[in-house]
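Colleague: Take a look at this one; I'll ask things after.
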Amino acid sequence: MALGFAPHGHKQVEGDGKTPEGRYRIDRRNPNSSFHLSLGISYPNTADVARARAMGQSPGGNIFIHGQPNLLGPQTEENWTAGCIAVTD
């Protein structure tokens with residue numbers, strides 16, 4: 001499993017490279033994803049939005065659980081996503 005490129009701590013704002021921690025639901029499927037079997041999670045929730053807005057920033061979004069890139073092949077870096085949860089295909 002690989003996480004965001006800055007995996008320690010809960011995702012706070014867009015671009016921080018962190019993966020959300022907490023209770024989220026799988027709420028969608030992305031059949032056009034560049035990654036194998038991409039499933040969206042319900043980030044951000046209302047608390048995530050409020051926290052980011054209090055810092056004057058966006059919480060980000062489009063966080064998915066997905067496999068490896070469809071065209072590039074398996075990634076070997078430990079934590080290489082932009083905040084998603086990547087698993088083997």
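In the structure tokens, chains take the letters A, B, ... in the order shown, each chain's residues start at 1, and ligands count up from 1 in the order shown.
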Would you pick out the contacts of region 37-40 of chain A at 6 Å or less, using only C-alpha atoms, so that residues sharing its chain but fewer than 2 positions from it are not included, and give the list as an MDAnalysis selection string?
Modeller: chainID A and resid 26:30 63:66
Colleague: Report as a list in words all protein, DNA and RNA residues lying within 7 Å of region 3-10 of chain A, evaluated on only C-alpha atoms, omitting residues in the same chain fewer than 5 positions from it.
Modeller: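 Here the answer would be Gly17, Lys18, Thr19, Pro20, Glu21, Asn79, Trp80, Thr81, Ala82, Gly83, Cys84, Ile85 and Ala86 of chain A.
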Colleague: Save out the residues we just selected, N, CA and C atoms, as a tab-separated table (two decimals), in the first residue's frame.
Modeller:
```tsv
chain	number	residue	atom	x	y	z
A	17	GLY	N	-0.10	16.67	0.22
A	17	GLY	CA	0.47	15.33	0.03
A	17	GLY	C	0.09	14.33	1.10
A	18	LYS	N	-0.86	14.69	1.94
A	18	LYS	CA	-1.28	13.78	3.01
A	18	LYS	C	-2.52	13.01	2.58
A	19	THR	N	-2.75	11.88	3.23
A	19	THR	CA	-3.92	11.05	2.98
A	19	THR	C	-4.90	11.25	4.13
A	20	PRO	N	-6.19	11.43	3.83
A	20	PRO	CA	-7.16	11.61	4.92
A	20	PRO	C	-7.16	10.44	5.89
A	21	GLU	N	-7.32	10.77	7.16
A	21	GLU	CA	-7.44	9.76	8.22
A	21	GLU	C	-8.80	9.93	8.87
A	79	ASN	N	5.81	5.98	-0.90
A	79	ASN	CA	4.58	6.76	-0.87
A	79	ASN	C	4.63	7.75	-2.03
A	80	TRP	N	3.86	7.46	-3.06
A	80	TRP	CA	4.00	8.22	-4.31
A	80	TRP	C	2.73	8.93	-4.76
A	81	THR	N	1.60	8.74	-4.09
A	81	THR	CA	0.38	9.37	-4.56
A	81	THR	C	0.32	10.84	-4.10
A	82	ALA	N	-0.68	11.56	-4.60
A	82	ALA	CA	-0.89	12.95	-4.19
A	82	ALA	C	-1.81	13.02	-2.96
A	83	GLY	N	-2.13	11.89	-2.37
A	83	GLY	CA	-3.00	11.85	-1.20
A	83	GLY	C	-3.93	10.66	-1.21
A	84	CYS	N	-3.90	9.91	-2.30
A	84	CYS	CA	-4.75	8.72	-2.42
A	84	CYS	C	-4.15	7.54	-1.67
A	85	ILE	N	-4.89	6.44	-1.69
A	85	ILE	CA	-4.41	5.18	-1.15
A	85	ILE	C	-4.23	4.25	-2.35
A	86	ALA	N	-3.00	3.88	-2.64
A	86	ALA	CA	-2.72	3.01	-3.77
A	86	ALA	C	-2.42	1.59	-3.28
```
Colleague: Would you list the contacts of Val13 (chain A) as a PyMOL selection string, taking every protein, DNA or RNA residue within 10 Å and counting only C-alpha atoms, but skipping same-chain residues closer than 6 positions in sequence?
Modeller: chain A and resi 44+48-49+51-53+55-61
Colleague: What parts of region 5-85 of chain A does DSSP call strand (DSSP E)? I'd like the answer as a PyMOL selection string.
Modeller: chain A and resi 26-30+38-41+64-66+85
Colleague: For the alpha helix (DSSP H) assignment from backbone DSSP, which residues of chain A qualify? Please present them as a PyMOL selection string.
Modeller: chain A and resi 46-54
Colleague: For a quick check of understanding, using only C-alpha atoms, which of A:Val87, A:Ala2, A:Gly67, A:Lys11 has the smallest distance to Phe35 (chain A)?
Modeller: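 Between A:Val87, A:Ala2, A:Gly67, A:Lys11, the residue approaching Phe35 (chain A) most closely is A:Gly67.
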Colleague: What is the CA of Thr46 (chain A)-CA of Asn32 (chain A) distance in Å, reported with one decimal?
Modeller: 27.2 Å
